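Data file: target23.pdb. Format and content: PDB, C-alpha atoms.
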ATOM      1  CA  MET J 530       0.000   0.000   0.000
ATOM      2  CA  ALA J 531       1.285   3.459  -0.892
ATOM      3  CA  GLU J 532       2.460   5.742   1.874
ATOM      4  CA  PHE J 533      -0.056   8.376   2.921
ATOM      5  CA  LYS J 534       1.208  11.878   2.191
ATOM      6  CA  THR J 535      -0.306  15.352   2.222
ATOM      7  CA  TYR J 536       0.844  18.545   0.529
ATOM      8  CA  SER J 537      -0.610  22.022   0.780
ATOM      9  CA  MET J 538      -0.172  25.564  -0.451
ATOM     10  CA  ASP J 539      -2.216  28.730  -0.812
ATOM     11  CA  PHE J 540      -3.374  29.710  -4.269
ATOM     12  CA  ALA J 541      -5.428  32.835  -4.983
ATOM     13  CA  SER J 542      -5.889  33.336  -1.234
ATOM     14  CA  LYS J 543      -7.455  29.886  -0.777
ATOM     15  CA  PRO J 544      -5.971  26.661   0.609
ATOM     16  CA  LEU J 545      -5.041  23.968  -1.913
ATOM     17  CA  LYS J 546      -4.483  20.532  -0.410
ATOM     18  CA  VAL J 547      -3.368  17.252  -2.012
ATOM     19  CA  GLU J 548      -3.667  13.790  -0.447
ATOM     20  CA  LEU J 549      -1.854  10.719  -1.779
ATOM     21  CA  GLY J 550      -2.080   7.090  -0.714
ATOM     22  CA  ARG J 551      -5.502   7.108   0.926
ATOM     23  CA  MET J 552      -7.653   5.885  -1.999
ATOM     24  CA  GLY J 553      -7.323   4.246  -5.399
ATOM     25  CA  GLY J 554      -4.323   2.079  -4.632
ATOM     26  CA  GLN J 555      -4.736  -0.069  -7.765
ATOM     27  CA  ALA J 556      -4.624   2.849 -10.195
ATOM     28  CA  ASN J 557      -1.411   3.840 -11.951
ATOM     29  CA  GLY J 558      -1.802   7.309 -10.433
ATOM     30  CA  VAL J 559      -4.335   8.780  -8.033
ATOM     31  CA  CYS J 560      -4.693  11.948  -5.992
ATOM     32  CA  LEU J 561      -7.356  13.679  -3.941
ATOM     33  CA  VAL J 562      -7.326  17.442  -4.435
ATOM     34  CA  GLN J 563      -9.174  19.881  -2.183
ATOM     35  CA  TYR J 564      -9.562  23.586  -2.948
ATOM     36  CA  GLY J 565     -11.514  25.444  -0.318
ATOM     37  CA  ASP J 566     -14.106  22.820   0.597
ATOM     38  CA  THR J 567     -14.433  21.427  -2.933
ATOM     39  CA  SER J 568     -12.798  18.007  -3.382
ATOM     40  CA  VAL J 569     -12.068  16.018  -6.550
ATOM     41  CA  LEU J 570     -10.656  12.494  -6.792
ATOM     42  CA  VAL J 571      -8.536  11.805  -9.884
ATOM     43  CA  ASN J 572      -7.594   8.297 -11.072
ATOM     44  CA  VAL J 573      -5.524   7.427 -14.118
ATOM     45  CA  THR J 574      -5.126   3.834 -15.310
ATOM     46  CA  MET J 575      -3.329   2.302 -18.285
ATOM     47  CA  SER J 576      -3.749  -1.102 -19.887
ATOM     48  CA  PRO J 577      -0.603  -3.254 -19.749
ATOM     49  CA  ASN J 578      -1.214  -4.449 -23.313
ATOM     50  CA  VAL J 579      -1.051  -2.646 -26.633
ATOM     51  CA  ARG J 580      -4.385  -2.272 -28.411
ATOM     52  CA  THR J 581      -4.074  -3.486 -31.984
ATOM     53  CA  GLY J 582      -5.907  -2.346 -35.093
ATOM     54  CA  ILE J 583      -5.998   1.367 -34.280
ATOM     55  CA  ASP J 584      -4.044   4.358 -35.588
ATOM     56  CA  TYR J 585      -4.619   6.799 -32.694
ATOM     57  CA  MET J 586      -3.758   7.110 -29.017
ATOM     58  CA  PRO J 587      -6.685   5.566 -27.049
ATOM     59  CA  LEU J 588      -7.111   8.120 -24.268
ATOM     60  CA  THR J 589     -10.491   8.382 -22.514
ATOM     61  CA  LEU J 590     -11.210  11.209 -20.082
ATOM     62  CA  GLU J 591     -14.297  11.465 -17.900
ATOM     63  CA  TYR J 592     -15.489  14.189 -15.567
ATOM     64  CA  GLU J 593     -18.112  12.784 -13.201
ATOM     65  CA  GLU J 594     -20.533  14.852 -11.146
ATOM     66  CA  LYS J 595     -22.395  13.299  -8.229
ATOM     67  CA  TYR J 596     -25.432  14.651  -6.408
ATOM     68  CA  TYR J 597     -23.968  13.629  -3.056
ATOM     69  CA  ALA J 598     -21.084  16.047  -3.660
ATOM     70  CA  ALA J 599     -23.538  18.896  -2.999
ATOM     71  CA  GLY J 600     -25.281  17.045  -0.165
ATOM     72  CA  LYS J 601     -28.217  15.883  -2.283
ATOM     73  CA  ILE J 602     -29.272  12.270  -1.781
ATOM     74  CA  LYS J 603     -31.862  11.328  -4.375
ATOM     75  CA  SER J 604     -34.727   9.260  -2.976
ATOM     76  CA  SER J 605     -37.504   9.728  -5.523
ATOM     77  CA  LYS J 606     -38.962   6.503  -6.864
ATOM     78  CA  TRP J 607     -38.710   8.014 -10.360
ATOM     79  CA  VAL J 608     -34.952   8.363 -10.174
ATOM     80  CA  LYS J 609     -33.287   4.973 -10.280
ATOM     81  CA  ARG J 610     -29.640   5.910 -10.127
ATOM     82  CA  ASP J 611     -27.134   8.729  -9.839
ATOM     83  CA  GLY J 612     -25.614   8.500 -13.274
ATOM     84  CA  GLY J 613     -26.669   8.099 -16.858
ATOM     85  CA  ARG J 614     -25.682  10.548 -19.520
ATOM     86  CA  PRO J 615     -23.327  13.257 -18.217
ATOM     87  CA  SER J 616     -24.570  16.832 -18.126
ATOM     88  CA  GLU J 617     -23.541  19.333 -20.769
ATOM     89  CA  GLU J 618     -21.327  21.095 -18.221
ATOM     90  CA  ALA J 619     -19.605  17.803 -17.356
ATOM     91  CA  ILE J 620     -18.952  17.094 -21.045
ATOM     92  CA  LEU J 621     -17.492  20.562 -21.615
ATOM     93  CA  THR J 622     -15.336  20.314 -18.493
ATOM     94  CA  GLY J 623     -14.019  16.944 -19.629
ATOM     95  CA  ARG J 624     -13.105  18.441 -23.001
ATOM     96  CA  LEU J 625     -11.383  21.367 -21.294
ATOM     97  CA  ILE J 626      -9.158  18.997 -19.301
ATOM     98  CA  ASP J 627      -8.618  16.756 -22.331
ATOM     99  CA  ARG J 628      -7.355  19.631 -24.460
ATOM    100  CA  SER J 629      -4.876  20.519 -21.715
ATOM    101  CA  VAL J 630      -3.320  17.090 -21.120
ATOM    102  CA  ARG J 631      -3.668  15.214 -24.427
ATOM    103  CA  PRO J 632      -0.986  17.198 -26.358
ATOM    104  CA  ARG J 633       1.621  16.162 -23.779
ATOM    105  CA  PHE J 634       1.288  12.440 -24.597
ATOM    106  CA  ASN J 635       3.322  10.673 -27.248
ATOM    107  CA  ASN J 636       0.731  10.112 -29.992
ATOM    108  CA  LEU J 637       2.361   6.771 -30.874
ATOM    109  CA  ILE J 638       1.176   5.193 -27.589
ATOM    110  CA  ARG J 639      -1.388   2.427 -28.235
ATOM    111  CA  ASN J 640      -2.038   1.311 -24.640
ATOM    112  CA  GLU J 641      -5.522   2.311 -23.506
ATOM    113  CA  ILE J 642      -5.454   5.082 -20.906
ATOM    114  CA  GLN J 643      -8.436   6.163 -18.814
ATOM    115  CA  LEU J 644      -8.414   9.352 -16.756
ATOM    116  CA  VAL J 645     -11.411   9.798 -14.440
ATOM    117  CA  THR J 646     -12.096  12.866 -12.301
ATOM    118  CA  THR J 647     -14.892  12.510  -9.742
ATOM    119  CA  VAL J 648     -16.337  15.386  -7.736
ATOM    120  CA  LEU J 649     -16.605  14.161  -4.140
ATOM    121  CA  ALA J 650     -17.540  17.432  -2.436
ATOM    122  CA  PHE J 651     -18.778  20.779  -3.735
ATOM    123  CA  ASP J 652     -18.902  23.817  -1.448
ATOM    124  CA  GLY J 653     -21.024  25.941  -3.786
ATOM    125  CA  VAL J 654     -18.250  28.536  -4.017
ATOM    126  CA  ASN J 655     -15.259  27.031  -5.812
ATOM    127  CA  ASP J 656     -15.891  25.443  -9.208
ATOM    128  CA  PRO J 657     -14.709  21.787  -9.293
ATOM    129  CA  ASP J 658     -13.503  22.154 -12.898
ATOM    130  CA  MET J 659     -10.380  24.063 -11.845
ATOM    131  CA  VAL J 660      -9.705  21.513  -9.110
ATOM    132  CA  ALA J 661      -9.971  18.707 -11.679
ATOM    133  CA  LEU J 662      -7.774  20.652 -14.106
ATOM    134  CA  PHE J 663      -5.049  20.694 -11.452
ATOM    135  CA  GLY J 664      -5.580  17.116 -10.295
ATOM    136  CA  ALA J 665      -5.541  15.430 -13.722
ATOM    137  CA  PRO J 666      -1.976  16.507 -14.640
ATOM    138  CA  LEU J 667      -0.821  15.771 -11.104
ATOM    139  CA  ALA J 668      -2.164  12.203 -11.244
ATOM    140  CA  LEU J 669      -0.301  11.714 -14.531
ATOM    141  CA  MET J 670       2.861  13.223 -13.076
ATOM    142  CA  ILE J 671       2.995  10.838 -10.107
ATOM    143  CA  SER J 672       1.950   7.786 -12.160
ATOM    144  CA  ASP J 673       4.194   5.419 -14.104
ATOM    145  CA  ILE J 674       2.520   6.428 -17.378
ATOM    146  CA  PRO J 675       4.844   8.275 -19.789
ATOM    147  CA  TRP J 676       3.636  11.863 -20.003
ATOM    148  CA  ASP J 677       5.438  15.138 -20.677
ATOM    149  CA  GLY J 678       4.120  17.321 -17.870
ATOM    150  CA  PRO J 679       3.510  19.200 -15.726
ATOM    151  CA  VAL J 680       0.493  21.212 -16.868
ATOM    152  CA  ALA J 681      -1.592  23.605 -14.793
ATOM    153  CA  GLY J 682      -4.417  26.029 -15.402
ATOM    154  CA  VAL J 683      -6.348  28.905 -13.917
ATOM    155  CA  ARG J 684      -9.599  30.778 -14.489
ATOM    156  CA  ILE J 685      -9.349  34.566 -14.809
ATOM    157  CA  GLY J 686     -12.104  37.083 -14.248
ATOM    158  CA  ARG J 687     -12.205  40.858 -13.876
ATOM    159  CA  VAL J 688     -14.385  42.395 -11.192
ATOM    160  CA  GLU J 689     -14.545  46.183 -10.808
ATOM    161  CA  GLY J 690     -11.429  46.563 -12.937
ATOM    162  CA  LYS J 691      -9.298  44.084 -10.970
ATOM    163  CA  LEU J 692      -8.201  40.658 -12.178
ATOM    164  CA  VAL J 693      -9.399  37.752 -10.038
ATOM    165  CA  PHE J 694      -7.891  34.263 -10.292
ATOM    166  CA  ASN J 695     -10.202  31.292  -9.792
ATOM    167  CA  PRO J 696     -13.140  33.588  -8.984
ATOM    168  CA  THR J 697     -16.113  32.312  -7.010
ATOM    169  CA  TYR J 698     -19.501  31.872  -8.650
ATOM    170  CA  ALA J 699     -20.649  35.214  -7.223
ATOM    171  CA  GLU J 700     -17.584  36.972  -8.645
ATOM    172  CA  ARG J 701     -18.055  35.342 -12.055
ATOM    173  CA  LEU J 702     -21.553  36.816 -12.330
ATOM    174  CA  LYS J 703     -20.032  40.314 -12.038
ATOM    175  CA  SER J 704     -16.962  39.620 -14.174
ATOM    176  CA  ASP J 705     -16.315  41.259 -17.559
ATOM    177  CA  PHE J 706     -14.907  38.020 -18.962
ATOM    178  CA  ASP J 707     -14.406  34.361 -18.140
ATOM    179  CA  ILE J 708     -11.065  32.979 -19.340
ATOM    180  CA  VAL J 709      -9.447  29.622 -18.627
ATOM    181  CA  VAL J 710      -5.748  29.322 -19.470
ATOM    182  CA  ALA J 711      -3.674  26.147 -19.179
ATOM    183  CA  GLY J 712      -0.133  25.310 -20.150
ATOM    184  CA  THR J 713       3.339  24.243 -19.157
ATOM    185  CA  ALA J 714       6.111  26.226 -17.519
ATOM    186  CA  GLY J 715       7.119  27.613 -20.899
ATOM    187  CA  ARG J 716       4.003  28.055 -22.978
ATOM    188  CA  ILE J 717       0.215  28.061 -23.155
ATOM    189  CA  ASN J 718      -1.447  25.040 -24.756
ATOM    190  CA  MET J 719      -5.155  25.672 -24.063
ATOM    191  CA  ILE J 720      -7.388  28.740 -23.880
ATOM    192  CA  GLU J 721     -11.135  28.918 -23.412
ATOM    193  CA  ALA J 722     -12.728  32.336 -23.153
ATOM    194  CA  GLY J 723     -15.984  34.249 -23.152
ATOM    195  CA  ALA J 724     -16.447  37.969 -22.622
ATOM    196  CA  ASN J 725     -18.616  41.016 -22.861
ATOM    197  CA  ILE J 726     -17.344  43.825 -25.096
ATOM    198  CA  VAL J 727     -13.719  43.917 -23.936
ATOM    199  CA  PRO J 728     -10.695  45.387 -25.781
ATOM    200  CA  GLU J 729      -8.283  42.843 -27.236
ATOM    201  CA  LYS J 730      -5.421  44.286 -25.179
ATOM    202  CA  ASP J 731      -7.333  43.631 -21.949
ATOM    203  CA  MET J 732      -7.930  40.025 -23.000
ATOM    204  CA  ALA J 733      -4.261  39.552 -23.934
ATOM    205  CA  ASP J 734      -3.112  41.075 -20.643
ATOM    206  CA  ALA J 735      -5.467  38.785 -18.704
ATOM    207  CA  ILE J 736      -4.163  35.709 -20.541
ATOM    208  CA  GLU J 737      -0.576  36.716 -19.807
ATOM    209  CA  ALA J 738      -1.449  37.326 -16.159
ATOM    210  CA  GLY J 739      -3.096  33.902 -15.982
ATOM    211  CA  PHE J 740      -0.010  32.241 -17.449
ATOM    212  CA  ASN J 741       2.158  33.862 -14.788
ATOM    213  CA  ALA J 742      -0.376  33.036 -12.071
ATOM    214  CA  PHE J 743      -0.353  29.267 -12.572
ATOM    215  CA  GLN J 744       3.447  28.952 -12.480
ATOM    216  CA  PRO J 745       3.396  28.238  -8.701
ATOM    217  CA  LEU J 746       1.051  25.328  -9.452
ATOM    218  CA  ILE J 747       3.594  23.979 -11.924
ATOM    219  CA  GLU J 748       6.303  24.108  -9.269
ATOM    220  CA  PHE J 749       3.940  22.514  -6.745
ATOM    221  CA  GLN J 750       3.341  19.574  -9.095
ATOM    222  CA  LYS J 751       7.077  19.175  -9.697
ATOM    223  CA  LYS J 752       7.722  19.046  -5.966
ATOM    224  CA  ILE J 753       5.073  16.397  -5.375
ATOM    225  CA  ALA J 754       6.227  14.291  -8.339
ATOM    226  CA  SER J 755       9.855  14.432  -7.201
ATOM    227  CA  GLU J 756       8.895  13.058  -3.786
ATOM    228  CA  ALA J 757       6.014  10.695  -4.595
ATOM    229  CA  GLY J 758       6.240   9.971  -8.321
ATOM    230  CA  LYS J 759       6.742   6.497  -9.790
ATOM    231  CA  GLU J 760       9.342   5.532 -12.355
ATOM    232  CA  LYS J 761       7.884   5.841 -15.858
ATOM    233  CA  LYS J 762       7.264   2.675 -17.865
ATOM    234  CA  GLN J 763       8.946   1.925 -21.162
ATOM    235  CA  LEU J 764       6.152   1.334 -23.676
ATOM    236  CA  MET J 765       6.117  -0.247 -27.103
ATOM    237  CA  LEU J 766       5.294   2.605 -29.466
ATOM    238  CA  SER J 767       3.488   2.318 -32.767
ATOM    239  CA  GLY J 768       5.318   3.206 -35.953
ATOM    240  CA  HIS J 769       4.106   5.042 -39.035
ATOM    241  CA  ASP J 770       2.719   3.103 -41.980
ATOM    242  CA  GLU J 771       5.851   3.197 -44.116
ATOM    243  CA  ALA J 772       4.079   1.976 -47.273
ATOM    244  CA  LEU J 773       1.466   4.722 -46.986
ATOM    245  CA  TRP J 774       4.180   7.279 -46.198
ATOM    246  CA  ARG J 775       6.190   6.350 -49.303
ATOM    247  CA  TRP J 776       3.066   6.337 -51.465
ATOM    248  CA  SER J 777       2.149   9.846 -50.282
ATOM    249  CA  LYS J 778       5.606  11.081 -51.283
ATOM    250  CA  VAL J 779       5.700   9.638 -54.805
ATOM    251  CA  SER J 780       2.043   9.623 -55.879
ATOM    252  CA  PRO J 781       1.111  12.517 -58.173
ATOM    253  CA  ILE J 782      -1.637  14.923 -57.233
ATOM    254  CA  PRO J 783      -4.791  14.006 -59.212
ATOM    255  CA  SER J 784      -5.579  16.449 -61.998
ATOM    256  CA  SER J 785      -9.306  16.246 -61.261
ATOM    257  CA  PRO J 786     -10.919  16.430 -57.807
ATOM    258  CA  PRO J 787     -12.280  13.267 -56.150
ATOM    259  CA  ARG J 788     -15.797  12.128 -56.973
ATOM    260  CA  CYS J 789     -17.194  13.228 -53.584
ATOM    261  CA  ILE J 790     -15.994  16.791 -54.180
ATOM    262  CA  ARG J 791     -17.441  16.857 -57.693
ATOM    263  CA  ARG J 792     -20.813  15.745 -56.322
ATOM    264  CA  ALA J 793     -20.740  18.403 -53.598
ATOM    265  CA  ARG J 794     -19.977  21.107 -56.174
ATOM    266  CA  ALA J 795     -22.824  19.871 -58.387
ATOM    267  CA  ARG J 796     -25.272  20.057 -55.484
ATOM    268  CA  LEU J 797     -24.064  23.549 -54.621
ATOM    269  CA  ASN J 798     -24.477  24.725 -58.228
ATOM    270  CA  SER J 799     -27.974  23.267 -58.443
ATOM    271  CA  THR J 800     -28.919  24.973 -55.184
ATOM    272  CA  ARG J 801     -27.656  28.316 -56.483
ATOM    273  CA  ALA J 802     -29.583  27.884 -59.724
ATOM    274  CA  TRP J 803     -32.774  27.096 -57.769
ATOM    275  CA  ALA J 804     -32.278  30.141 -55.543
ATOM    276  CA  LYS J 805     -32.058  32.398 -58.585
TER
END

What do you get writing this file as structure tokens?
Amino acid sequence: MAEFKTYSMDFASKPLKVELGRMGGQANGVCLVQYGDTSVLVNVTMSPNVRTGIDYMPLTLEYEEKYYAAGKIKSSKWVKRDGGRPSEEAILTGRLIDRSVRPRFNNLIRNEIQLVTTVLAFDGVNDPDMVALFGAPLALMISDIPWDGPVAGVRIGRVEGKLVFNPTYAERLKSDFDIVVAGTAGRINMIEAGANIVPEKDMADAIEAGFNAFQPLIEFQKKIASEAGKEKKQLMLSGHDEALWRWSKVSPIPSSPPRCIRRARARLNSTRAWAK
């Protein structure tokens, strides 16, 4: 059984706590992250065998919301289970985390990898998505799965002319924009943003400020990985299809477009003629 360890720091004037070794002992990497009173459990697991017959890296990422995290225990006879199709917010949060961590994998890996983030407690103040965005890279960092991290992220808002990092729900309602920035110590690899009418310079300055703000989280992950991380596995990587590669280099470009493109153009022309 893994040794129980705890790490903590303050980020954006709120306590950030990490627990290792208490749960998920059979996963390749697992961590419990608490920010304020919001807690998220992150597990990452990799198949020991290579999946054959595919030409992509089989990474699956799930962000799971539970009613009990907000203190709601469903008892209605019409509701049979706490599950089913994830909410739209859960799907979008999963994609946000996916876009942050996927580029740091070697795309020639063919072992199936599953990364699951589960909201265990929600305080109604701190959004679990930022907690999961910190926990997912950390679980990969301390696991034995090859991954080129660390990665961290932060949400930026602006309330009454002042930038706020990881704003509360109340602050987000008054904010001029809602920006999420994630990246490594040297560059940004994911941005998601929405705003009212805001000058481009203000948006650029906020993104730069967010990049600088999450650097302590990068260092925090490095510290934890150096003390509790596992040795990375050596995986069998997939190679390129050499025959297809050579064919693409020597085959001439067709003088006429493919049949599907010709059909699409014909439909477009007929539609234009009908509109006239």

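For the residues J:Ala724, J:Ala619, J:Ile736, J:Val559, ranking by smallest atom-to-atom distance to Pro666 (chain J) using all atoms listed in the file places J:Val559 first.
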
Checklist outcome for this item: If you count all atoms listed in the file, the residue of J:Thr574, J:Phe706, J:Ile638, J:Thr713 closest to Glu729 (chain J) turns out to be J:Phe706

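Distance-wise, CA of Glu748 (chain J) and CA of Asp734 (chain J) end up 22.5 Å apart.
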
I'd like a table as CSV: residues in region 608-692 of chain J with an atom no more than 8 Å from region 756-770 of chain J, each row giving the shortest atom pair and its distance in Å to one decimal, all atoms listed in the file counted, sorted by chain and rising residue number.
residue,atom,partner,partner_atom,distance
J:Leu637,CA,J:Ser767,CA,5.0
J:Ile638,CA,J:Leu766,CA,5.2
J:Arg639,CA,J:Ser767,CA,6.7
J:Met670,CA,J:Gly758,CA,6.7
J:Ile671,CA,J:Gly758,CA,3.8
J:Ser672,CA,J:Lys759,CA,5.5
J:Asp673,CA,J:Lys761,CA,4.1
J:Ile674,CA,J:Lys761,CA,5.6
J:Pro675,CA,J:Lys761,CA,5.5

Checklist entry - Hey, can you check how far CA of Tyr597 (chain J) sits from CA of Leu649 (chain J)? => result 7.5 Å

For this file, the PyMOL selection byres ((chain J and resi 679) around 9) selects which residues, as a compact mmCIF listing (two decimals) with C-alpha atoms, in the coordinates of the input?
# COMPACT_ATOMS: atom_id res chain seq x y z
CA VAL J 630 -3.32 17.09 -21.12
CA ARG J 633 1.62 16.16 -23.78
CA PRO J 666 -1.98 16.51 -14.64
CA LEU J 667 -0.82 15.77 -11.10
CA LEU J 669 -0.30 11.71 -14.53
CA MET J 670 2.86 13.22 -13.08
CA TRP J 676 3.64 11.86 -20.00
CA ASP J 677 5.44 15.14 -20.68
CA GLY J 678 4.12 17.32 -17.87
CA VAL J 680 0.49 21.21 -16.87
CA ALA J 681 -1.59 23.60 -14.79
CA GLY J 712 -0.13 25.31 -20.15
CA THR J 713 3.34 24.24 -19.16
CA ALA J 714 6.11 26.23 -17.52
CA ILE J 747 3.59 23.98 -11.92
CA GLU J 748 6.30 24.11 -9.27
CA GLN J 750 3.34 19.57 -9.10
CA LYS J 751 7.08 19.18 -9.70

Checklist outcome for this item: Between J:Lys703, J:Ile717, J:Ala772, J:Lys752, smallest distance to Met538 (chain J) by only C-alpha atoms belongs to J:Lys752

Next on the checklist: List the spatial neighbours of Asn572 (chain J) as a PyMOL selection string - criterion: any atom at most 12 Å away, all atoms listed in the file, same-chain residues fewer than 2 positions off excluded.
Outcome noted: chain J and resi 549-550+552-562+569-570+574-575+589-593+642-648+661+664-672

Next on the checklist: Measuring between all atoms listed in the file, which one of J:Arg614, J:Met719, J:Ser537, J:Glu641 shows the shortest distance to Ile583 (chain J)?
Outcome noted: J:Glu641

Identify the residues around (-14.6, 27.2, -2.4) within a radius of 12 Å, measuring from only C-alpha atoms in the coordinates stated by the file, and give them as a short mmCIF file (atom, residue, chain, number, x, y, z; two decimals) with C-alpha atoms, in the coordinates of the input.
data_model
loop_
_atom_site.label_atom_id
_atom_site.label_comp_id
_atom_site.auth_asym_id
_atom_site.auth_seq_id
_atom_site.Cartn_x
_atom_site.Cartn_y
_atom_site.Cartn_z
CA PHE J 540 -3.37 29.71 -4.27
CA ALA J 541 -5.43 32.84 -4.98
CA SER J 542 -5.89 33.34 -1.23
CA LYS J 543 -7.46 29.89 -0.78
CA PRO J 544 -5.97 26.66 0.61
CA LEU J 545 -5.04 23.97 -1.91
CA GLN J 563 -9.17 19.88 -2.18
CA TYR J 564 -9.56 23.59 -2.95
CA GLY J 565 -11.51 25.44 -0.32
CA ASP J 566 -14.11 22.82 0.60
CA THR J 567 -14.43 21.43 -2.93
CA SER J 568 -12.80 18.01 -3.38
CA ALA J 650 -17.54 17.43 -2.44
CA PHE J 651 -18.78 20.78 -3.74
CA ASP J 652 -18.90 23.82 -1.45
CA GLY J 653 -21.02 25.94 -3.79
CA VAL J 654 -18.25 28.54 -4.02
CA ASN J 655 -15.26 27.03 -5.81
CA ASP J 656 -15.89 25.44 -9.21
CA PRO J 657 -14.71 21.79 -9.29
CA ASP J 658 -13.50 22.15 -12.90
CA MET J 659 -10.38 24.06 -11.84
CA VAL J 660 -9.70 21.51 -9.11
CA ASN J 695 -10.20 31.29 -9.79
CA PRO J 696 -13.14 33.59 -8.98
CA THR J 697 -16.11 32.31 -7.01
CA TYR J 698 -19.50 31.87 -8.65
CA ALA J 699 -20.65 35.21 -7.22
CA GLU J 700 -17.58 36.97 -8.64
#

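Here CA of Glu721 (chain J) stands at a distance of 18.2 Å from CA of Gln744 (chain J).
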
Enclose the full set of atoms of region 629-635 of chain J listed in the file within a box whose edges lie along x, y and z, apply 8 Å of padding to each of the six sides, and report centre and edge lengths in Å to one decimal as AutoDock Vina command-line options.
--center_x -0.8 --center_y 15.6 --center_z -24.2 --size_x 24.2 --size_y 25.8 --size_z 22.1

Checklist entry - So which residues touch Gly690 (chain J) within 12 Å, counting all atoms listed in the file, skipping near sequence neighbours fewer than 3 positions away, as a PyMOL selection string? => result chain J and resi 686-687+693+703-706+727+731+735

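Restricting the calculation to only C-alpha atoms, the smallest distance between Ala738 (chain J) and any of J:Gly582, J:Gly723, J:Gly682, J:Pro587 is found for J:Gly682.
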
Near Asn640 (chain J), within 6 Å and counting all atoms listed in the file, which residues show up once chain neighbours fewer than 4 positions away are dropped, as a compact mmCIF listing (two decimals) with C-alpha atoms, keeping the file's coordinate frame?
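Listing of selection28.txt after writing:
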# COMPACT_ATOMS: atom_id res chain seq x y z
CA SER J 576 -3.75 -1.10 -19.89
CA ASN J 578 -1.21 -4.45 -23.31
CA VAL J 579 -1.05 -2.65 -26.63
CA ARG J 580 -4.38 -2.27 -28.41
